[in-house]
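Comments concern the structure below.
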There are 2 protein chains.
Amino acid sequence: MIDITSLFKVTYGLYIVCSGNETKGNGYISNTFFQVTSEPPKFALCCNKNNFTSEIIEKHGFFSVSVLHQKANSEIFGRFGYKSGRDFNKMEGMLIKYGISGIPIVLNESIAYLECKVVQKFDVGTHWLFIGELIDAQVLDETNDPMTYAYFHQVRKGVAPKNAPTYIDQAKLATKVKSVKLEKFKCTICGHIYDENKEKIKFASLAANWKCPICGADKKEFIVI
Amino acid sequence: MIDITSLFKVTYGLYIVCSGNETKGNGYISNTFFQVTSEPPKFALCCNKNNFTSEIIEKHGFFSVSVLHQKANSEIFGRFGYKSGRDFNKMEGMLIKYGISGIPIVLNESIAYLECKVVQKFDVGTHWLFIGELIDAQVLDETNDPMTYAYFHQVRKGVAPKNAPTYIDQAKLATKVKSVKLEKFKCTICGHIYDENKEKIKFASLAANWKCPICGADKKEFIVI
């Protein structure tokens with residue numbers, strides 16, 4: 001029998017992956033990026049086929065990976081993690097560097113970046129595995145630690161969006177303790193659960209300008225579950 | 001210009017990957033394992049073509065992944081990380097469970113395991129990318145945190161062996177501070193560097209039964225570099 005919680009023991013970082021050019025760029029939050037060879041340095045990136053960024057990577061043949069740090073502000077997850085670039089320009093107002101290949105690299109909240117040229121593409125079902133050869137890489141900040149998915153999940157209570165390789169249907173997780181009197185509210189933008197039983201404050205009692213701690217969404221974006 | 005140190009900002013866990021059967025099993029330490037799809041749950045594993053375990057995975061069509069915890073003892077890295085199963089039986093004396101497919105799963109120093117059936121295999125140069133569909137997964141220990149490669153590297157001072165996708169040639173790293181009077185000694189088993197300048201104790205002054213903190217090798221396995 002598969003115990004879904006064992007999947008949380010696999011370690012990941014969190015990254016902003018971008019492609020495009022100065023006219024039209026896009027990016028998303030990925031946790032599935034790792035090195036596959038040392039000579040030459042090549043990396044694998046797993047990206048949902050429906051992601052707008054997948055299309056742009058295919059078109060441009062390059063992608064950049066910005067390594068997020070542990071204290072990264074929640075707006076960056078709201079912007080890149082839970083919304084589609086088909087609906088709005090994610091790059092607007094961001095601190096962007098254009099790489100050797102001309103693709104955008106997000107510098108906000110990042111401690112390093114890597115720029116890769118796509119050399120292979122494999123079909124693994126719902127997702128593509130892009131293999132990229134490293135063409136440039138820089139450290140931006142030596143003082144902060146990289147954000148890990150475990151930290152995002154355990155400390156910051158974030159959850160993977162539906163398109164992520166590591167998406168977990170919450171209904172599949174056995175609820176060990178059931179709240180009978182208090183309610184749970186779900187952020188319709190990022191899926192974050194506000195559990196009155198854990199927080200000890202009724203959702204209705206939160207200030208009107210309270211924001212989702214994960215994606216920065218307004219209170220009105222939450223629904224009872 | 002590629003700054004090699006930026007590659008250390010990519011986050012990895014550390015795992016014992018095994019395959020084989022009750023008669024002949026083998027395993028190695030991997031840091032390159034991640035989920036690639038959620039429906040069905042599938043994982044990618046990157047393995048050097050020269051690794052003995054690669055051969056065994058190809059032969060049996062299944063692999064197991066045991067998630068190492070942060071306090072894992074150094075002998076397990078010595079046994080699985082820096083030696084080849086062609087030379088000795090790595091499974092001897094280990095606590096082994098045989099999975100649904102009959103392959104060995106190492107339970108020592110592990111907090112969870114995942115068992116996968118190989119469904120695809122991609123050639124990325126020096127390494128194979130095996131895609132495995134999850135057939136079983138269990139949590140073994142809720143109290144310890146997974147070992148991360150950053151922790152292994154920064155706190156426990158471990159280095160990736162030559163066959164790893166993340167292997168770094170130390171000569172490529174710019175030495176910022178050079179020791180002029182004190183010497184460095186390298187473990188010929190795992191590559192760990194004992195730097196007298198950092199340790200403030202001459203290597204010759206260490207007790208005769210002193211062991212490599214990474215792989216447990218004897219003092220005589222060290223050479224001056």
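Scheme for the structure tokens: letters A, B, ... for chains in order shown; per-chain residue numbers from 1; ligand numbers from 1 in order shown.
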Inset, instruction - Could you please tell me, as a count of residues only, which residues of chain A have an atom within 9 Å of chain B when using only C-alpha atoms? - result: 60
Inset, instruction - Run DSSP on the backbone of this structure and report the residues of stretch 39-95 of chain A it assigns to alpha helix (DSSP H), as a ChimeraX atom specification. - result: /A:52-60,74-81
Inset, instruction - Just give me the gap between atom CA of A:Lys184 and atom CA of A:Ile225 in Å, one decimal is fine. - result: 5.7 Å
Legend entry - Residue contacts of A:Ile189 (10 Å, only C-alpha atoms) excluding same-chain residues fewer than 4 positions away, as a VMD selection string: chain A and resid 78 81 to 83 161 212 214 to 218 221 to 222
Please provide the set of residues having any atom within 12 Å of A:Lys90, restricted to only C-alpha atoms, with same-chain residues fewer than 2 positions apart removed, written as a short mmCIF file (atom, residue, chain, number, x, y, z; two decimals) with C-alpha atoms, in the first residue's frame.
data_model
loop_
_atom_site.label_atom_id
_atom_site.label_comp_id
_atom_site.auth_asym_id
_atom_site.auth_seq_id
_atom_site.Cartn_x
_atom_site.Cartn_y
_atom_site.Cartn_z
CA ILE A 16 11.46 30.46 -10.43
CA VAL A 17 11.85 29.03 -13.93
CA CYS A 18 11.60 31.52 -16.80
CA SER A 19 11.85 31.73 -20.55
CA GLY A 20 10.90 34.15 -23.34
CA LYS A 24 7.14 38.47 -23.77
CA GLY A 25 8.51 36.47 -20.90
CA ASN A 26 6.93 34.12 -18.40
CA GLY A 27 7.88 32.07 -15.38
CA TYR A 28 6.52 29.67 -12.77
CA ILE A 29 7.56 28.13 -9.46
CA PHE A 52 2.38 28.44 -20.30
CA THR A 53 6.12 28.41 -19.50
CA GLU A 75 3.82 37.64 -3.05
CA ILE A 76 6.42 35.93 -5.22
CA PHE A 77 4.66 32.58 -4.68
CA GLY A 78 1.27 34.17 -5.42
CA ARG A 79 2.57 35.73 -8.63
CA PHE A 80 4.63 32.85 -10.03
CA GLY A 81 3.21 29.80 -8.28
CA TYR A 82 -0.54 29.92 -8.47
CA LYS A 83 -1.50 32.13 -11.43
CA SER A 84 -1.08 31.67 -15.17
CA GLY A 85 0.96 34.01 -17.33
CA ARG A 86 -1.72 33.58 -19.99
CA ASP A 87 -3.86 35.97 -17.90
CA PHE A 88 -1.38 38.68 -16.96
CA GLU A 92 5.89 43.47 -14.79
CA GLY A 93 7.63 45.25 -11.93
CA MET A 94 10.12 42.42 -11.38
CA LEU A 95 13.87 42.89 -11.23
CA ILE A 96 14.93 41.14 -14.43
CA PRO A 104 14.63 36.80 -18.62
CA VAL A 106 14.20 36.91 -12.11
#
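Atom pair atom CA of B:Glu196 / atom CA of B:Gln170 has a distance of 17.1 Å (rounded to one decimal).
Distance-wise, atom CA of B:Asn209 and atom CA of B:Leu107 end up 28.1 Å apart.
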